[in-house]
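A.B. asks: My questions will all concern the structure given below.
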Amino acid sequence: MDYIYGVMAVICIEIIATVGLSVFTGFTGLFSLGHAAFMAIGAYTSAILTYFYHVPFVLALLSGMLMSGLISIILGFPTLRAKLRGDYFAIATLGFGEAMRVILENLSITQGARGLPGIKHYTTLPVAAIFAVVVVWLTKNFILSKFGRNAIAVREDAVAAEMAGIDLFKVRMLSLIYSAMCGGLAGGLFAHYLNFIQPAMFTSVLSTQLTSAVVAGGMGSITGPILAIALFIAVPEVLRVANMWRLVAYGLILVLIMIFRPSGIMGYHELSFEWIGNLFRKKNCNKIADKRRT
Amino acid sequence: MFLQTLITGFSIGGIYALMAVGYSLVFSILNFSNFAHGTIIMLGAYIGYFLISSFNLSFPLSLIGAVLGAALLSLLNLRLAYNPLINRRSPSLYLMITAMGVSIFLENMVYVTVGSHFYSFPEIFKQSTIKFFGSDISPLDLAALIFSLISIYALHIFLTKTKIGTAIRAASYDMTTASLNGVNMTKLIGIVFLLAGAFAGLAGVFLGVKYMVYPTMGWITNKAYIAAVIGGLGSLPGAVIGGLILGVLETFVSVYISSTIRDVFSFSMVIIFLVIQPAGLLGKYLEEKV
């Protein structure tokens with residue numbers, strides 16, 4: 001039972017990071033290959049605070065989020081201001097992720113590649129679940145706000161959006177900060193769940209996992225990526241396959257999704273249970289069908 | 001010491017240039033970053049290694065084998081993974097994601113099937129060094145540099161003097177117009193991928209000889225990507241210049257400052273370059289098409 005709780009806690013933690021990234025990649029349409037770095041920043045900031053300075057857990061988590069947000073501004077300000085092409089920006093984030101890992105490996109306070117052992121265990125399943133629910137709820141509202149509509153407009157057509165008076169830089173920067181803060185929160189929870197962190201945990205493999213989940217789940221959906229990341233973590237655990245086969249599968253999934261269903265599992269739709277109730281009301285059913293068609 | 005560092009830098013730069021050329025070729029036609037290129041380089045190195053060690057072929061023969069093998073793999077990659085998207089005229093972001101998927105897939109496939117061993121090529125160049133103005137230069141470094149420059153020059157001749165080369169250059173300016181003028185685009189893209197793959201095979205073998213052969217060696221191609229960006233994506237001379245500049249600068253940083261910050265240096269450099277001069281030194285900056 002402990003084992004299942006453990007897997008579920010990891011899923012909740014990763015959901016936070018994935019949902020954050022889905023705002024950035026799914027809704028704003030910018031690609032990141034280095035979001036693991038934001039998790040690393042959050043994890044290290046909060047772990048160092050609770051470990052060396054005995055700061056309360058929630059405060060440490062908040063500092064981790066703020067640190068991730070601040071560093072995302074440092075990354076985003078020059079790159080987003082320059083309005084880089086999608087793939088150039090992806091390379092910049094890739095470089096950022098690698099550079100961050102090298103820096104963590106060479107700082108003395110992070111104890112280099114050996115990592116930080118003995119972090120207190122604060123993250124339990126209820127804690128992780130509550131945070132996950134709060135973040136998903138916040139993200140939903142974030143997307144439904146004026147900001148969210150602007151972000152979707154930017155994703156669909158940056159030029160048209162700019163013509164309509166949307167400040168591209170502001171929208172992209174805000175969604176980068178939001179996703180970085182979600183990553184920082186997830187990292188902080190992760191550190192206090194595993195009680196041990198080292199730079200090697202936050203490699204491009206983790207970034208790839210997050211990005212694949214967003215793409216596979218559906219760019220422009222919140223529930224899709226949640227479903228995808230849960231499957232990505234749970235299925236290998238159930239099948240007990242080696243880590244490497246898991247990565248082989250991620251690669252294959254990305255390629256197949258792009259070839260056969262580029263909009264992802266959920267496409268632009270959200271997973272909802274409305275349809276069960278609607279089965280009994282024919283009128284509504286037609287309405288939904290109309291909505292789908294348009 | 002200075003001269004030795006310079007020569008080492010140039011030889012690494014030569015290999016970067018070889019890899020960057022493959023990136024640039026694909027980019028100039030399809031306008032997307034082929035992240036799978038690094039994996040093809042890695043597979044080329046494996047092919048070369050197994051030809052030379054298991055089949056006891058001579059070095060030139062296994063080099064040719066690696067070049068052919070990598071070219072075929074690159075074509076296969078195009079046909080299976082990219083063609084459905086190209087035919088559908090998908091945005092280049094989708095192609096990029098697919099390329100990422102291909103690279104993750106192949107790299108880990110090698111991990112699972114061949115294993116994570118480090119293989120080193122049998123000694124081809126004697127370990128002895130050439131004395132040159134008081135500094136020791138390994139023949140391997142020199143050979144790698146000369147060979148990469150010669151092969152890139154050959155590619156340049158091919159692109160400027162032959163009919164296919166002209167078609168490739170035309171398509172890199174405007175694909176629609178080129179195809180209206182009777183260029184068979186499917187065939188042309190295939191040829192471009194074959195060429196890029198051939199260069200990947202070359203680069204892979206040289207990388208394998210210089211360092212070792214292992215599944216994540218394709219990671220070094222991130223450096224080649226940086227080189228291509230510095231020189232200007234899509235530009236051939238840019239790729240060469242970018243590769244040489246990056247190789248020399250990196251070697252100087254690791255010799256005179258510290259080898260741990262070498263990678264941080266290269267990646268910060270690419271970010272700075274992207275911000276100041278997104279087109280690179282010689283490239284043309286293309287906004288994403290409206």
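Chain identifiers are assigned as A, B, and so on, following the order in which chains appear in the structure tokens; residues are numbered from 1 within each chain, and ligands are numbered from 1 in order of appearance.
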Tell me, which residues of region 46-227 of chain A carry DSSP helix (DSSP H, G or I), written as number ranges by chain?
C.D. replies: A: 46-52, 57-81, 86-106, 112-114, 125-144, 146-156, 158-163, 168-194, 199-202, 204-217, 223-227
A.B. asks: Using only C-alpha atoms, determine which residues of chain B fall within 9 Å of chain A; present them as number ranges by chain.
C.D. replies: B: 32-33, 81-82, 84-85, 92-109, 111-112, 222, 225-226, 229, 260-261, 263-268, 270-272, 274-276, 278, 286-288, 290
A.B. asks: Could the residues in this selection be written to a file with C-alpha atoms, as a PDB file, in the first residue's frame?
C.D. replies:
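The resulting file, result_15.pdb, is shown below:
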ATOM      1  CA  PHE B  32      13.367  23.232 -38.849  1.00  0.00           C
ATOM      2  CA  SER B  33      16.035  22.062 -36.445  1.00  0.00           C
ATOM      3  CA  ALA B  81       8.986  10.029 -39.405  1.00  0.00           C
ATOM      4  CA  TYR B  82       9.108  13.326 -41.301  1.00  0.00           C
ATOM      5  CA  PRO B  84       3.883  12.264 -43.282  1.00  0.00           C
ATOM      6  CA  LEU B  85       4.301  15.678 -41.664  1.00  0.00           C
ATOM      7  CA  SER B  92       7.930  23.351 -38.255  1.00  0.00           C
ATOM      8  CA  LEU B  93       7.268  23.059 -34.531  1.00  0.00           C
ATOM      9  CA  TYR B  94       5.688  19.653 -35.157  1.00  0.00           C
ATOM     10  CA  LEU B  95       8.685  18.540 -37.191  1.00  0.00           C
ATOM     11  CA  MET B  96      10.918  19.638 -34.355  1.00  0.00           C
ATOM     12  CA  ILE B  97       8.929  17.613 -31.808  1.00  0.00           C
ATOM     13  CA  THR B  98       9.072  14.605 -34.106  1.00  0.00           C
ATOM     14  CA  ALA B  99      12.821  15.016 -34.466  1.00  0.00           C
ATOM     15  CA  MET B 100      13.105  15.131 -30.696  1.00  0.00           C
ATOM     16  CA  GLY B 101      11.031  11.979 -30.448  1.00  0.00           C
ATOM     17  CA  VAL B 102      13.177  10.195 -33.030  1.00  0.00           C
ATOM     18  CA  SER B 103      16.330  11.146 -31.193  1.00  0.00           C
ATOM     19  CA  ILE B 104      14.997   9.980 -27.803  1.00  0.00           C
ATOM     20  CA  PHE B 105      13.731   6.779 -29.361  1.00  0.00           C
ATOM     21  CA  LEU B 106      16.917   5.831 -31.213  1.00  0.00           C
ATOM     22  CA  GLU B 107      19.295   6.831 -28.456  1.00  0.00           C
ATOM     23  CA  ASN B 108      17.518   4.719 -25.882  1.00  0.00           C
ATOM     24  CA  MET B 109      17.041   1.900 -28.345  1.00  0.00           C
ATOM     25  CA  TYR B 111      21.008   1.815 -24.750  1.00  0.00           C
ATOM     26  CA  VAL B 112      18.640  -1.117 -24.453  1.00  0.00           C
ATOM     27  CA  ASN B 222      24.281  20.153 -29.258  1.00  0.00           C
ATOM     28  CA  TYR B 225      23.943  23.050 -33.188  1.00  0.00           C
ATOM     29  CA  ILE B 226      25.475  25.953 -31.300  1.00  0.00           C
ATOM     30  CA  VAL B 229      23.552  28.988 -34.814  1.00  0.00           C
ATOM     31  CA  THR B 260      34.003  22.561 -15.890  1.00  0.00           C
ATOM     32  CA  ILE B 261      32.612  25.855 -17.112  1.00  0.00           C
ATOM     33  CA  ASP B 263      29.800  23.808 -21.441  1.00  0.00           C
ATOM     34  CA  VAL B 264      28.240  26.647 -19.479  1.00  0.00           C
ATOM     35  CA  PHE B 265      30.334  28.976 -21.588  1.00  0.00           C
ATOM     36  CA  SER B 266      29.166  27.485 -24.883  1.00  0.00           C
ATOM     37  CA  PHE B 267      25.532  27.521 -23.901  1.00  0.00           C
ATOM     38  CA  SER B 268      25.646  31.057 -22.566  1.00  0.00           C
ATOM     39  CA  VAL B 270      24.526  30.647 -27.875  1.00  0.00           C
ATOM     40  CA  ILE B 271      21.943  32.500 -25.790  1.00  0.00           C
ATOM     41  CA  ILE B 272      23.874  35.739 -26.138  1.00  0.00           C
ATOM     42  CA  LEU B 274      20.619  34.372 -30.344  1.00  0.00           C
ATOM     43  CA  VAL B 275      19.679  37.579 -28.608  1.00  0.00           C
ATOM     44  CA  ILE B 276      22.169  39.895 -30.289  1.00  0.00           C
ATOM     45  CA  PRO B 278      19.688  35.751 -34.248  1.00  0.00           C
ATOM     46  CA  LEU B 286      13.659  33.902 -41.233  1.00  0.00           C
ATOM     47  CA  GLU B 287      10.653  34.898 -39.254  1.00  0.00           C
ATOM     48  CA  GLU B 288       8.268  32.043 -38.823  1.00  0.00           C
ATOM     49  CA  VAL B 290       2.837  34.034 -41.551  1.00  0.00           C
TER      50      VAL B 290
END
A.B. asks: Could you check which of B:Val209, B:Leu246, B:Tyr173, B:Ala167 is closest to Ala224 (chain B), using only C-alpha atoms?
C.D. replies: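 Comparing B:Val209, B:Leu246, B:Tyr173, B:Ala167 against Ala224 (chain B), the winner is B:Leu246.
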A.B. asks: Taking the backbone alone, and naming residues the way the document does, which bits of region 86-235 of chain B are strand (DSSP E) by DSSP, as a list in words?
C.D. replies: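 Listing strand (DSSP E) positions across region 86-235 of chain B yields Ile130, Lys131, Phe132, Ser135, Asp136 and Ile137 of chain B.
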A.B. asks: Could the residues in this selection be saved with C-alpha atoms as a compact mmCIF listing (two decimals), in the first residue's frame?
C.D. replies:
# COMPACT_ATOMS: atom_id res chain seq x y z
CA ILE B 130 54.50 15.68 -34.53
CA LYS B 131 56.81 18.38 -33.28
CA PHE B 132 55.75 21.68 -34.74
CA SER B 135 54.41 22.10 -29.51
CA ASP B 136 53.15 18.54 -29.74
CA ILE B 137 50.41 17.95 -32.24
A.B. asks: Please list as JSON, numbers by chain every residue within 12 Å of His54 (chain A), counting only C-alpha atoms and excluding residues in the same chain fewer than 6 positions away.
C.D. replies: {"A": [46, 47, 48, 60, 119, 120]}
A.B. asks: Would you mind listing what lies within 10 Å of Pro126 (chain A) as a PDB file with N, CA and C atoms, in the first residue's frame, with only C-alpha atoms counted and same-chain residues fewer than 2 positions away left out?
C.D. replies:
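And here is the file that came out, around_20.pdb:
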ATOM      1  N   TYR A   5       0.818   4.452  -2.563  1.00  0.00           N
ATOM      2  CA  TYR A   5       0.801   5.843  -2.097  1.00  0.00           C
ATOM      3  C   TYR A   5       1.975   6.620  -2.676  1.00  0.00           C
ATOM      4  N   MET A   8       1.475   7.435  -6.264  1.00  0.00           N
ATOM      5  CA  MET A   8       0.465   8.482  -6.404  1.00  0.00           C
ATOM      6  C   MET A   8       1.022   9.848  -6.001  1.00  0.00           C
ATOM      7  N   ALA A   9       1.847   9.856  -4.962  1.00  0.00           N
ATOM      8  CA  ALA A   9       2.437  11.135  -4.552  1.00  0.00           C
ATOM      9  C   ALA A   9       3.319  11.686  -5.665  1.00  0.00           C
ATOM     10  N   CYS A  12       1.159  13.160  -8.298  1.00  0.00           N
ATOM     11  CA  CYS A  12       0.635  14.479  -7.928  1.00  0.00           C
ATOM     12  C   CYS A  12       1.701  15.556  -8.117  1.00  0.00           C
ATOM     13  N   THR A 123       6.637  16.009   2.503  1.00  0.00           N
ATOM     14  CA  THR A 123       5.635  15.800   1.465  1.00  0.00           C
ATOM     15  C   THR A 123       5.004  14.429   1.630  1.00  0.00           C
ATOM     16  N   THR A 124       3.753  14.411   2.062  1.00  0.00           N
ATOM     17  CA  THR A 124       3.035  13.145   2.070  1.00  0.00           C
ATOM     18  C   THR A 124       2.016  13.202   0.951  1.00  0.00           C
ATOM     19  N   ALA A 128       0.776  16.533  -1.192  1.00  0.00           N
ATOM     20  CA  ALA A 128       1.006  16.636  -2.633  1.00  0.00           C
ATOM     21  C   ALA A 128      -0.312  16.764  -3.371  1.00  0.00           C
ATOM     22  N   ALA A 129      -1.312  15.998  -2.935  1.00  0.00           N
ATOM     23  CA  ALA A 129      -2.600  16.016  -3.630  1.00  0.00           C
ATOM     24  C   ALA A 129      -3.260  17.382  -3.491  1.00  0.00           C
ATOM     25  N   ILE A 130      -3.198  17.949  -2.272  1.00  0.00           N
ATOM     26  CA  ILE A 130      -3.822  19.258  -2.067  1.00  0.00           C
ATOM     27  C   ILE A 130      -3.159  20.301  -2.960  1.00  0.00           C
ATOM     28  N   PHE A 131      -1.816  20.282  -2.957  1.00  0.00           N
ATOM     29  CA  PHE A 131      -1.112  21.235  -3.819  1.00  0.00           C
ATOM     30  C   PHE A 131      -1.493  21.032  -5.283  1.00  0.00           C
ATOM     31  N   ALA A 132      -1.586  19.765  -5.709  1.00  0.00           N
ATOM     32  CA  ALA A 132      -1.909  19.489  -7.106  1.00  0.00           C
ATOM     33  C   ALA A 132      -3.284  20.050  -7.451  1.00  0.00           C
TER      34      ALA A 132
END
A.B. asks: Skip Thr251 (chain B) itself and residues of its chain fewer than 6 positions away, then list as a list in words all residues within 9 Å of it, counting only C-alpha atoms.
C.D. replies: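 Counting only C-alpha atoms, the residues come to Thr5, Leu6, Thr8, Gly9, Phe10, Ile12, Ser259 and Arg262 of chain B.
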A.B. asks: Can I get the selection written as a PDB file, in the first residue's frame, with C-alpha atoms?
C.D. replies:
ATOM      1  CA  THR B   5      45.672  24.755 -27.910  1.00  0.00           C
ATOM      2  CA  LEU B   6      44.918  26.525 -31.149  1.00  0.00           C
ATOM      3  CA  THR B   8      43.419  21.221 -30.846  1.00  0.00           C
ATOM      4  CA  GLY B   9      40.693  23.823 -30.963  1.00  0.00           C
ATOM      5  CA  PHE B  10      40.736  23.853 -34.737  1.00  0.00           C
ATOM      6  CA  ILE B  12      37.540  19.961 -32.553  1.00  0.00           C
ATOM      7  CA  SER B 259      37.130  22.743 -18.053  1.00  0.00           C
ATOM      8  CA  ARG B 262      33.334  24.991 -20.749  1.00  0.00           C
TER       9      ARG B 262
END
A.B. asks: Determine, counting only C-alpha atoms, which protein, DNA and RNA residues have an atom within 7 Å of an atom of Ala180 (chain A); residues of the same chain fewer than 5 positions away are not included. Present the result as a list in words.
C.D. replies: Phe38, Ser68, Gly69 and Ser72 of chain A
A.B. asks: For the selection you just gave me, I'd like the residues written to a file as a PDB file, in the first residue's frame, keeping C-alpha atoms.
C.D. replies:
ATOM      1  CA  PHE A  38      13.166  25.039 -12.790  1.00  0.00           C
ATOM      2  CA  SER A  68      12.340  29.696 -10.000  1.00  0.00           C
ATOM      3  CA  GLY A  69      10.201  32.630 -11.069  1.00  0.00           C
ATOM      4  CA  SER A  72      12.877  32.393 -15.364  1.00  0.00           C
TER       5      SER A  72
END
A.B. asks: To one decimal place in Å, what is the distance between CA of Val127 (chain A) and CA of Met219 (chain A)?
C.D. replies: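 Taking CA of Val127 (chain A) and CA of Met219 (chain A), their separation equals 27.8 Å.
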